[in-house]
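Visitor: Here it is, the structure, as structure tokens.
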Amino acid sequence: YQDAPTGTSTDANVTGLRLYYEQLSAAGKLSIQARVNESDLDTLNSLVDPITGDLITVEDPGRRRSFSTGVTLEGGLDSPVETRLSLTRSGVRYYDTLSPSYSDSDTWSAEASARLQVTPLIALTPSLSYTEYEAQDAVSTRRETTRFQLGMSYEIDQVTQLTAGLGYSKIDQSGAATLRNRDAATFSLGLMRQVALGEAGISYDRALDTNGTRDTISLTGSMDLPRGRLSGSIGYATSDQSDGGLIAAIDYTHALPDGQITLGASRRVTTSDAGFDQFNTQLNAGWSRQVTSLSSIGFSATYSEVDFTAPGSTDTSRTTVGLTYDYQLTPDWTLTSGVQHRIAEREGQPDASSNAIYVTIGRDFSYRN
């Protein structure tokens, strides 16, 4: 964790590739997807990797490559009995890293679910899933998760819906000394109602993660505004390993004649591979403006902070401010350029700051047959 040098680089990299295939039949759908993304660790705005969900708490010049492939088969579409089967394989690889905080990992998952329209007002949603996770870290973390749930939704009236779920989860895990196998009953209950300008709801959820059971109660709401939208939630979460804390989120979008303004704030709780809770707080603001029919400019600012509950851990924060310029070279090709300034802080250590200038060219296209 040290002050990163300021400079520029001229590497040419394929930063992302996405492929998607879909075939429809009279009563079913087959979809196949593949994705690979690569980026520098020190260019991620948030302390939480937006793709892997991992914490990026250490400044590092290395790169992260993530990939996933999956196939989904859906049957009985728009019928009283709908089914869904999916298989997914994903993984993360790190290259040229200096910190031992980053480790390669692989995940395999399978899920089967259905929707049974019992009556015009009542639907049942059974689901069964299995996930296997392996990390090539210092303690060889391994986790097998099996979940079963039977859900129900009931249309009380035209504007009010009641949802409920009852299930069982089991987690077999090894690695850090604090990890142990877990199993528990899970359930959820929620009520959502359409109101004059949006919707409002309340929910209670008991889930199982690597820490044990986690109970969450929250109020949610959204409102459509003349030139934007406001949505948010507030609640409280507790687990077997901590007394819990406040969780909340708010997002605001405002449309301009030639652009958009976005504001957001959130505080969420997650569980580390070592089995400890960590509270993630994030503030973000963005502004964009269409300069011409082919070009646009933008400004973004993000502040992220992680509060750890593990003994001996130090809180970490990161601030990123950036300017971007996009130009549509052709209908398929886009030139993106920008500058970023980043400041990383870790309790008890000097601040680290760095600047970056980047230029990328990307192509996004689709083919339909």
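Chains: A, B, ... in order of the structure tokens. Residues: from 1 per chain. Ligands: from 1, in order shown.
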Write out as a PyMOL selection string all residues of stretch 269-366 of chain A that DSSP puts in strand (DSSP E or B) for this structure's backbone.
Guide: chain A and resi 269-271+277-290+295-308+316-328+333-346+352-363
Visitor: Need the shell around A:Tyr252: protein/DNA/RNA residues with any atom at most 10 Å away, counting only C-alpha atoms. Skip same-chain ones fewer than 2 positions apart. Format as a PyMOL selection string?
Guide: chain A and resi 222-223+225+228-232+250+254+261-265+285
Visitor: Produce a file of the selected residues containing all heavy atoms, as an mmCIF file, in the first residue's frame.
Guide:
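Wrote it out as part_27.cif, contents follow:
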```
data_model
loop_
_atom_site.group_PDB
_atom_site.id
_atom_site.type_symbol
_atom_site.label_atom_id
_atom_site.label_comp_id
_atom_site.auth_asym_id
_atom_site.auth_seq_id
_atom_site.Cartn_x
_atom_site.Cartn_y
_atom_site.Cartn_z
ATOM 1 N N SER A 222 -40.348 3.867 -4.331
ATOM 2 C CA SER A 222 -39.883 4.548 -5.536
ATOM 3 C C SER A 222 -40.940 5.559 -5.964
ATOM 4 O O SER A 222 -42.133 5.405 -5.653
ATOM 5 C CB SER A 222 -39.617 3.552 -6.669
ATOM 6 O OG SER A 222 -40.815 2.895 -7.039
ATOM 7 N N MET A 223 -40.477 6.606 -6.657
ATOM 8 C CA MET A 223 -41.371 7.688 -7.056
ATOM 9 C C MET A 223 -40.972 8.184 -8.441
ATOM 10 O O MET A 223 -39.787 8.455 -8.698
ATOM 11 C CB MET A 223 -41.291 8.841 -6.049
ATOM 12 C CG MET A 223 -42.177 10.029 -6.380
ATOM 13 S SD MET A 223 -41.927 11.394 -5.208
ATOM 14 C CE MET A 223 -42.377 10.592 -3.666
ATOM 15 N N LEU A 225 -40.877 11.072 -11.053
ATOM 16 C CA LEU A 225 -40.892 12.526 -11.034
ATOM 17 C C LEU A 225 -41.058 13.051 -12.459
ATOM 18 O O LEU A 225 -40.886 12.315 -13.433
ATOM 19 C CB LEU A 225 -39.595 13.040 -10.412
ATOM 20 C CG LEU A 225 -39.294 12.516 -8.997
ATOM 21 C CD1 LEU A 225 -37.923 12.967 -8.548
ATOM 22 C CD2 LEU A 225 -40.374 12.974 -8.021
ATOM 23 N N GLY A 228 -37.528 12.649 -13.890
ATOM 24 C CA GLY A 228 -36.602 11.701 -13.308
ATOM 25 C C GLY A 228 -37.305 10.668 -12.454
ATOM 26 O O GLY A 228 -38.520 10.468 -12.530
ATOM 27 N N ARG A 229 -36.510 10.025 -11.609
ATOM 28 C CA ARG A 229 -37.024 8.972 -10.735
ATOM 29 C C ARG A 229 -36.213 8.947 -9.447
ATOM 30 O O ARG A 229 -34.985 9.121 -9.463
ATOM 31 C CB ARG A 229 -36.947 7.616 -11.432
ATOM 32 C CG ARG A 229 -37.494 6.451 -10.611
ATOM 33 C CD ARG A 229 -37.473 5.170 -11.437
ATOM 34 N NE ARG A 229 -37.905 4.006 -10.668
ATOM 35 C CZ ARG A 229 -39.160 3.665 -10.461
ATOM 36 N NH1 ARG A 229 -40.132 4.411 -10.979
ATOM 37 N NH2 ARG A 229 -39.469 2.587 -9.760
ATOM 38 N N LEU A 230 -36.907 8.714 -8.328
ATOM 39 C CA LEU A 230 -36.293 8.615 -7.012
ATOM 40 C C LEU A 230 -36.693 7.283 -6.402
ATOM 41 O O LEU A 230 -37.877 6.941 -6.366
ATOM 42 C CB LEU A 230 -36.749 9.765 -6.116
ATOM 43 C CG LEU A 230 -36.227 9.764 -4.673
ATOM 44 C CD1 LEU A 230 -34.728 9.988 -4.647
ATOM 45 C CD2 LEU A 230 -36.948 10.820 -3.844
ATOM 46 N N SER A 231 -35.701 6.511 -5.952
ATOM 47 C CA SER A 231 -35.973 5.228 -5.308
ATOM 48 C C SER A 231 -35.044 5.058 -4.119
ATOM 49 O O SER A 231 -33.944 5.635 -4.085
ATOM 50 C CB SER A 231 -35.792 4.066 -6.292
ATOM 51 O OG SER A 231 -34.454 4.009 -6.752
ATOM 52 N N GLY A 232 -35.489 4.286 -3.141
ATOM 53 C CA GLY A 232 -34.655 4.098 -1.965
ATOM 54 C C GLY A 232 -35.166 3.000 -1.065
ATOM 55 O O GLY A 232 -36.263 2.457 -1.252
ATOM 56 N N ILE A 250 -30.243 4.916 -1.706
ATOM 57 C CA ILE A 250 -31.077 5.909 -2.370
ATOM 58 C C ILE A 250 -30.444 6.248 -3.714
ATOM 59 O O ILE A 250 -29.224 6.361 -3.830
ATOM 60 C CB ILE A 250 -31.236 7.186 -1.504
ATOM 61 C CG1 ILE A 250 -32.237 8.142 -2.154
ATOM 62 C CG2 ILE A 250 -29.901 7.869 -1.238
ATOM 63 C CD1 ILE A 250 -32.662 9.287 -1.248
ATOM 64 N N HIS A 254 -32.098 12.448 -12.878
ATOM 65 C CA HIS A 254 -32.768 13.645 -13.393
ATOM 66 C C HIS A 254 -32.352 13.860 -14.849
ATOM 67 O O HIS A 254 -31.159 13.926 -15.164
ATOM 68 C CB HIS A 254 -32.389 14.870 -12.562
ATOM 69 C CG HIS A 254 -33.054 16.129 -13.033
ATOM 70 N ND1 HIS A 254 -34.379 16.405 -12.771
ATOM 71 C CD2 HIS A 254 -32.581 17.178 -13.762
ATOM 72 C CE1 HIS A 254 -34.694 17.578 -13.299
ATOM 73 N NE2 HIS A 254 -33.624 18.063 -13.916
ATOM 74 N N ILE A 261 -28.321 13.684 -14.936
ATOM 75 C CA ILE A 261 -27.638 13.760 -13.652
ATOM 76 C C ILE A 261 -28.055 12.545 -12.826
ATOM 77 O O ILE A 261 -29.246 12.208 -12.765
ATOM 78 C CB ILE A 261 -27.990 15.056 -12.893
ATOM 79 C CG1 ILE A 261 -27.449 16.280 -13.628
ATOM 80 C CG2 ILE A 261 -27.433 15.021 -11.473
ATOM 81 C CD1 ILE A 261 -27.865 17.590 -13.001
ATOM 82 N N THR A 262 -27.086 11.876 -12.196
ATOM 83 C CA THR A 262 -27.384 10.742 -11.324
ATOM 84 C C THR A 262 -26.700 10.947 -9.972
ATOM 85 O O THR A 262 -25.561 11.398 -9.907
ATOM 86 C CB THR A 262 -26.902 9.418 -11.939
ATOM 87 O OG1 THR A 262 -25.490 9.487 -12.183
ATOM 88 C CG2 THR A 262 -27.628 9.134 -13.239
ATOM 89 N N LEU A 263 -27.402 10.624 -8.910
ATOM 90 C CA LEU A 263 -26.878 10.686 -7.554
ATOM 91 C C LEU A 263 -27.258 9.398 -6.832
ATOM 92 O O LEU A 263 -28.346 8.852 -7.050
ATOM 93 C CB LEU A 263 -27.448 11.889 -6.789
ATOM 94 C CG LEU A 263 -27.169 13.282 -7.353
ATOM 95 C CD1 LEU A 263 -27.979 14.324 -6.599
ATOM 96 C CD2 LEU A 263 -25.684 13.600 -7.274
ATOM 97 N N GLY A 264 -26.374 8.899 -5.981
ATOM 98 C CA GLY A 264 -26.679 7.680 -5.262
ATOM 99 C C GLY A 264 -25.876 7.543 -3.985
ATOM 100 O O GLY A 264 -24.788 8.108 -3.845
ATOM 101 N N ALA A 265 -26.429 6.800 -3.050
ATOM 102 C CA ALA A 265 -25.744 6.498 -1.790
ATOM 103 C C ALA A 265 -26.262 5.155 -1.294
ATOM 104 O O ALA A 265 -27.437 4.826 -1.457
ATOM 105 C CB ALA A 265 -26.000 7.585 -0.751
ATOM 106 N N ALA A 285 -21.836 10.266 -7.789
ATOM 107 C CA ALA A 285 -22.508 11.330 -8.528
ATOM 108 C C ALA A 285 -22.015 11.305 -9.961
ATOM 109 O O ALA A 285 -20.843 11.009 -10.228
ATOM 110 C CB ALA A 285 -22.237 12.701 -7.895
#
```
Visitor: Looking at A:Pro331, A:Gly151, A:Gly70, A:Gly338, which one is nearest to A:Gln117, with distances taken over only C-alpha atoms?
Guide: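 Among A:Pro331, A:Gly151, A:Gly70, A:Gly338, it is A:Gly151 that comes nearest to A:Gln117.
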Visitor: What does the structure give for the distance between atom CA of A:Ala164 and atom CA of A:Phe187, in Å to one decimal?
Guide: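 Computed distance, atom CA of A:Ala164 to atom CA of A:Phe187, equals 7.4 Å.
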Visitor: Which of these residues is nearest to A:Thr271, using only C-alpha atoms: A:Tyr327, A:Phe308, A:Tyr154, A:Trp108?
Guide: A:Phe308
Visitor: Point out the residue among A:Arg182, A:Leu191, A:Glu132, A:Tyr236 with the least atom-to-atom distance to A:Gly212, counting only C-alpha atoms.
Guide: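 Among the listed residues, A:Arg182 lies closest to A:Gly212.
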Visitor: Closest to A:Gly198 among A:Asp326, A:Asp224, A:Arg214, A:Gly165, using only C-alpha atoms?
Guide: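 For A:Gly198, the nearest of the candidates is A:Asp224.
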Visitor: Could you state the separation of atom CA of A:Leu77 and atom CA of A:Ala26 in Å, given to one decimal place?
Guide: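 According to the coordinates, atom CA of A:Leu77 and atom CA of A:Ala26 are separated by 8.5 Å.
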Visitor: Show which residues sit within 10 Å of A:Ser296, as a list in words. Count only C-alpha atoms, and ignore same-chain residues fewer than 6 positions away.
Guide: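 Here the qualifying residues turn out to be Asp258, Gly259, Ser288, Arg289, Gln290, Thr324, Tyr325, Asp326, Tyr327, Gln328 and Thr336 of chain A.
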Visitor: If you keep all heavy atoms, can you produce a file of those selected residues as a CSV table (one decimal), in the first residue's frame?
Guide:
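Everything below was put into result-v7.csv:
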```
chain,number,residue,atom,x,y,z
A,258,ASP,N,-30.2,17.9,-22.6
A,258,ASP,CA,-29.1,17.3,-23.5
A,258,ASP,C,-28.2,16.3,-22.7
A,258,ASP,O,-27.1,16.1,-23.0
A,258,ASP,CB,-28.3,18.3,-24.1
A,258,ASP,CG,-27.7,19.3,-23.1
A,258,ASP,OD1,-28.0,19.1,-21.9
A,258,ASP,OD2,-27.1,20.3,-23.5
A,259,GLY,N,-28.8,15.8,-21.6
A,259,GLY,CA,-27.9,14.9,-20.7
A,259,GLY,C,-28.7,14.3,-19.6
A,259,GLY,O,-29.9,14.2,-19.6
A,288,SER,N,-23.7,13.8,-17.4
A,288,SER,CA,-23.3,13.6,-18.8
A,288,SER,C,-24.1,14.6,-19.7
A,288,SER,O,-25.2,15.0,-19.3
A,288,SER,CB,-23.7,12.1,-19.2
A,288,SER,OG,-25.1,11.9,-19.1
A,289,ARG,N,-23.5,14.9,-20.8
A,289,ARG,CA,-24.0,15.9,-21.7
A,289,ARG,C,-23.7,15.4,-23.2
A,289,ARG,O,-22.6,15.1,-23.5
A,289,ARG,CB,-23.5,17.3,-21.5
A,289,ARG,CG,-24.1,18.3,-22.4
A,289,ARG,CD,-23.6,19.7,-22.1
A,289,ARG,NE,-24.2,20.7,-22.9
A,289,ARG,CZ,-23.7,21.1,-24.1
A,289,ARG,NH1,-22.6,20.6,-24.5
A,289,ARG,NH2,-24.3,22.1,-24.8
A,290,GLN,N,-24.8,15.4,-24.0
A,290,GLN,CA,-24.6,15.1,-25.4
A,290,GLN,C,-24.1,16.4,-26.1
A,290,GLN,O,-24.9,17.3,-26.3
A,290,GLN,CB,-25.9,14.6,-26.0
A,290,GLN,CG,-25.8,13.9,-27.3
A,290,GLN,CD,-25.2,12.5,-27.2
A,290,GLN,OE1,-25.4,11.9,-26.2
A,290,GLN,NE2,-24.6,12.1,-28.3
A,324,THR,N,-14.8,12.1,-18.8
A,324,THR,CA,-14.7,11.2,-20.0
A,324,THR,C,-15.2,11.9,-21.2
A,324,THR,O,-16.0,12.9,-21.1
A,324,THR,CB,-15.6,9.9,-19.8
A,324,THR,OG1,-17.0,10.4,-19.6
A,324,THR,CG2,-15.2,9.1,-18.6
A,325,TYR,N,-14.8,11.5,-22.4
A,325,TYR,CA,-15.2,12.0,-23.7
A,325,TYR,C,-15.4,10.8,-24.6
A,325,TYR,O,-14.5,9.9,-24.8
A,325,TYR,CB,-14.2,12.9,-24.3
A,325,TYR,CG,-14.6,13.3,-25.7
A,325,TYR,CD1,-15.6,14.3,-25.9
A,325,TYR,CD2,-13.9,12.8,-26.8
A,325,TYR,CE1,-15.9,14.7,-27.2
A,325,TYR,CE2,-14.2,13.2,-28.1
A,325,TYR,CZ,-15.2,14.1,-28.3
A,325,TYR,OH,-15.6,14.5,-29.6
A,326,ASP,N,-16.6,10.6,-25.1
A,326,ASP,CA,-17.0,9.5,-26.0
A,326,ASP,C,-17.3,10.0,-27.4
A,326,ASP,O,-17.9,11.1,-27.6
A,326,ASP,CB,-18.2,8.7,-25.5
A,326,ASP,CG,-17.9,8.0,-24.2
A,326,ASP,OD1,-16.7,7.9,-23.9
A,326,ASP,OD2,-18.9,7.5,-23.6
A,327,TYR,N,-16.8,9.3,-28.4
A,327,TYR,CA,-17.1,9.7,-29.8
A,327,TYR,C,-17.4,8.5,-30.6
A,327,TYR,O,-16.7,7.5,-30.6
A,327,TYR,CB,-15.8,10.4,-30.5
A,327,TYR,CG,-16.1,10.9,-31.8
A,327,TYR,CD1,-16.8,12.1,-32.0
A,327,TYR,CD2,-15.7,10.2,-33.0
A,327,TYR,CE1,-17.1,12.6,-33.3
A,327,TYR,CE2,-16.0,10.7,-34.2
A,327,TYR,CZ,-16.7,11.9,-34.4
A,327,TYR,OH,-17.0,12.4,-35.7
A,328,GLN,N,-18.6,8.5,-31.3
A,328,GLN,CA,-19.1,7.4,-32.1
A,328,GLN,C,-18.4,7.5,-33.5
A,328,GLN,O,-18.8,8.2,-34.4
A,328,GLN,CB,-20.6,7.5,-32.3
A,328,GLN,CG,-21.3,6.2,-32.7
A,328,GLN,CD,-21.4,5.2,-31.6
A,328,GLN,OE1,-21.5,5.6,-30.5
A,328,GLN,NE2,-21.3,4.0,-32.0
A,336,THR,N,-13.5,6.0,-26.6
A,336,THR,CA,-13.7,6.5,-25.2
A,336,THR,C,-12.3,7.0,-24.7
A,336,THR,O,-11.4,6.2,-24.7
A,336,THR,CB,-14.3,5.4,-24.3
A,336,THR,OG1,-15.5,5.0,-24.9
A,336,THR,CG2,-14.5,5.9,-22.9
```
Visitor: Please provide the set of residues having any atom within 8 Å of A:Glu345, restricted to only C-alpha atoms, with same-chain residues fewer than 3 positions apart removed, written as a PyMOL selection string.
Guide: chain A and resi 316-318+349-352
Visitor: Grab the atom CA of A:Ser203 to atom CA of A:Asp78 distance for me, in Å with one decimal place.
Guide: 27.8 Å
Visitor: List as a list in words the protein and nucleic acid residues near A:Ser169, meaning an atom at most 9 Å away when only C-alpha atoms are counted, but skip any in the same chain fewer than 3 places from it.
Guide: Thr145, Thr146, Arg147, Phe148, Gln149, Arg182, Asp183, Ala184, Ala185, Thr186, Ala207, Leu208 and Asp209 of chain A
Visitor: Write the residues you've just listed into a file as a short mmCIF file (atom, residue, chain, number, x, y, z; two decimals), in the first residue's frame, and include all heavy atoms for each of them.
Guide:
```cif
data_model
loop_
_atom_site.label_atom_id
_atom_site.label_comp_id
_atom_site.auth_asym_id
_atom_site.auth_seq_id
_atom_site.Cartn_x
_atom_site.Cartn_y
_atom_site.Cartn_z
N THR A 145 -22.74 -24.92 -1.71
CA THR A 145 -23.98 -24.34 -1.20
C THR A 145 -25.17 -24.98 -1.91
O THR A 145 -25.23 -24.99 -3.14
CB THR A 145 -24.01 -22.82 -1.42
OG1 THR A 145 -22.86 -22.22 -0.82
CG2 THR A 145 -25.26 -22.22 -0.81
N THR A 146 -26.10 -25.49 -1.14
CA THR A 146 -27.35 -26.06 -1.66
C THR A 146 -28.52 -25.30 -1.06
O THR A 146 -28.58 -25.11 0.16
CB THR A 146 -27.47 -27.55 -1.30
OG1 THR A 146 -26.31 -28.24 -1.77
CG2 THR A 146 -28.71 -28.16 -1.93
N ARG A 147 -29.44 -24.87 -1.92
CA ARG A 147 -30.60 -24.10 -1.46
C ARG A 147 -31.88 -24.64 -2.10
O ARG A 147 -31.89 -24.95 -3.29
CB ARG A 147 -30.45 -22.62 -1.80
CG ARG A 147 -29.21 -21.95 -1.23
CD ARG A 147 -29.21 -20.46 -1.51
NE ARG A 147 -27.94 -19.84 -1.21
CZ ARG A 147 -27.56 -19.43 0.01
NH1 ARG A 147 -28.37 -19.61 1.03
NH2 ARG A 147 -26.37 -18.89 0.20
N PHE A 148 -32.92 -24.75 -1.28
CA PHE A 148 -34.26 -25.07 -1.77
C PHE A 148 -35.24 -24.06 -1.19
O PHE A 148 -35.15 -23.70 -0.02
CB PHE A 148 -34.68 -26.48 -1.36
CG PHE A 148 -36.14 -26.75 -1.64
CD1 PHE A 148 -36.57 -27.00 -2.93
CD2 PHE A 148 -37.07 -26.70 -0.62
CE1 PHE A 148 -37.91 -27.23 -3.21
CE2 PHE A 148 -38.42 -26.92 -0.88
CZ PHE A 148 -38.84 -27.19 -2.18
N GLN A 149 -36.16 -23.61 -2.02
CA GLN A 149 -37.17 -22.66 -1.54
C GLN A 149 -38.48 -22.85 -2.29
O GLN A 149 -38.49 -23.13 -3.50
CB GLN A 149 -36.71 -21.21 -1.72
CG GLN A 149 -37.75 -20.19 -1.26
CD GLN A 149 -37.21 -18.79 -1.17
OE1 GLN A 149 -36.30 -18.51 -0.40
NE2 GLN A 149 -37.77 -17.90 -1.98
N ARG A 182 -22.62 -24.81 7.74
CA ARG A 182 -23.84 -24.15 8.19
C ARG A 182 -25.05 -24.80 7.54
O ARG A 182 -24.98 -25.25 6.40
CB ARG A 182 -23.83 -22.66 7.82
CG ARG A 182 -22.58 -21.90 8.21
CD ARG A 182 -22.66 -21.41 9.63
NE ARG A 182 -21.52 -20.56 9.98
CZ ARG A 182 -21.39 -19.96 11.15
NH1 ARG A 182 -22.31 -20.10 12.09
NH2 ARG A 182 -20.32 -19.22 11.41
N ASP A 183 -26.15 -24.80 8.25
CA ASP A 183 -27.44 -25.17 7.65
C ASP A 183 -28.54 -24.55 8.49
O ASP A 183 -28.41 -24.40 9.71
CB ASP A 183 -27.60 -26.69 7.54
CG ASP A 183 -27.76 -27.34 8.90
OD1 ASP A 183 -26.76 -27.41 9.65
OD2 ASP A 183 -28.88 -27.76 9.23
N ALA A 184 -29.64 -24.18 7.83
CA ALA A 184 -30.73 -23.51 8.54
C ALA A 184 -31.95 -23.42 7.64
O ALA A 184 -31.84 -23.47 6.40
CB ALA A 184 -30.31 -22.11 8.99
N ALA A 185 -33.09 -23.25 8.27
CA ALA A 185 -34.32 -22.94 7.54
C ALA A 185 -34.29 -21.46 7.17
O ALA A 185 -33.77 -20.62 7.91
CB ALA A 185 -35.54 -23.25 8.40
N THR A 186 -34.84 -21.13 6.02
CA THR A 186 -34.89 -19.74 5.57
C THR A 186 -36.33 -19.39 5.23
O THR A 186 -37.13 -20.26 4.86
CB THR A 186 -34.01 -19.53 4.33
OG1 THR A 186 -34.47 -20.36 3.26
CG2 THR A 186 -32.56 -19.87 4.63
N ALA A 207 -31.92 -15.31 5.68
CA ALA A 207 -31.11 -16.05 4.71
C ALA A 207 -29.91 -16.66 5.42
O ALA A 207 -29.58 -16.30 6.55
CB ALA A 207 -30.66 -15.13 3.58
N LEU A 208 -29.23 -17.58 4.73
CA LEU A 208 -28.04 -18.22 5.27
C LEU A 208 -26.85 -17.87 4.40
O LEU A 208 -26.90 -17.99 3.18
CB LEU A 208 -28.23 -19.75 5.30
CG LEU A 208 -27.05 -20.55 5.87
CD1 LEU A 208 -26.98 -20.38 7.38
CD2 LEU A 208 -27.18 -22.03 5.49
N ASP A 209 -25.76 -17.39 5.03
CA ASP A 209 -24.50 -17.19 4.32
C ASP A 209 -23.38 -17.83 5.12
O ASP A 209 -23.64 -18.59 6.07
CB ASP A 209 -24.24 -15.70 4.05
CG ASP A 209 -24.19 -14.85 5.32
OD1 ASP A 209 -23.90 -15.42 6.40
OD2 ASP A 209 -24.41 -13.63 5.24
#
```
Visitor: Would you list the contacts of A:Ala177 as a PDB file with N, CA, C and O atoms, in the first residue's frame, taking every protein, DNA or RNA residue within 9 Å and counting only C-alpha atoms, but skipping same-chain residues closer than 2 positions in sequence?
Guide:
```
ATOM      1  N   VAL A 139      -5.376 -20.465   2.114  1.00  0.00           N
ATOM      2  CA  VAL A 139      -6.030 -21.494   2.931  1.00  0.00           C
ATOM      3  C   VAL A 139      -6.909 -22.409   2.088  1.00  0.00           C
ATOM      4  O   VAL A 139      -7.671 -23.212   2.628  1.00  0.00           O
ATOM      5  N   SER A 174     -14.689 -24.945   3.829  1.00  0.00           N
ATOM      6  CA  SER A 174     -13.404 -25.153   4.485  1.00  0.00           C
ATOM      7  C   SER A 174     -12.469 -24.044   4.034  1.00  0.00           C
ATOM      8  O   SER A 174     -12.682 -23.411   2.999  1.00  0.00           O
ATOM      9  N   GLY A 175     -11.422 -23.809   4.807  1.00  0.00           N
ATOM     10  CA  GLY A 175     -10.471 -22.758   4.501  1.00  0.00           C
ATOM     11  C   GLY A 175     -10.013 -22.081   5.772  1.00  0.00           C
ATOM     12  O   GLY A 175      -9.262 -22.668   6.564  1.00  0.00           O
ATOM     13  N   LEU A 179     -14.212 -20.554   9.616  1.00  0.00           N
ATOM     14  CA  LEU A 179     -15.314 -21.106   8.836  1.00  0.00           C
ATOM     15  C   LEU A 179     -15.754 -22.449   9.384  1.00  0.00           C
ATOM     16  O   LEU A 179     -14.944 -23.260   9.819  1.00  0.00           O
ATOM     17  N   ARG A 180     -17.059 -22.688   9.346  1.00  0.00           N
ATOM     18  CA  ARG A 180     -17.585 -24.009   9.690  1.00  0.00           C
ATOM     19  C   ARG A 180     -18.843 -24.253   8.863  1.00  0.00           C
ATOM     20  O   ARG A 180     -19.425 -23.326   8.305  1.00  0.00           O
ATOM     21  N   ALA A 274     -13.407 -15.129   5.185  1.00  0.00           N
ATOM     22  CA  ALA A 274     -12.989 -15.572   6.517  1.00  0.00           C
ATOM     23  C   ALA A 274     -14.166 -15.682   7.477  1.00  0.00           C
ATOM     24  O   ALA A 274     -13.994 -16.117   8.615  1.00  0.00           O
TER      25      ALA A 274
END
```
Visitor: Which one is closest to A:Gly76: A:Thr107, A:Pro61, A:Ser25, A:Leu329? Count only C-alpha atoms.
Guide: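 Residue with the minimum atom-to-atom distance to A:Gly76: A:Ser25.
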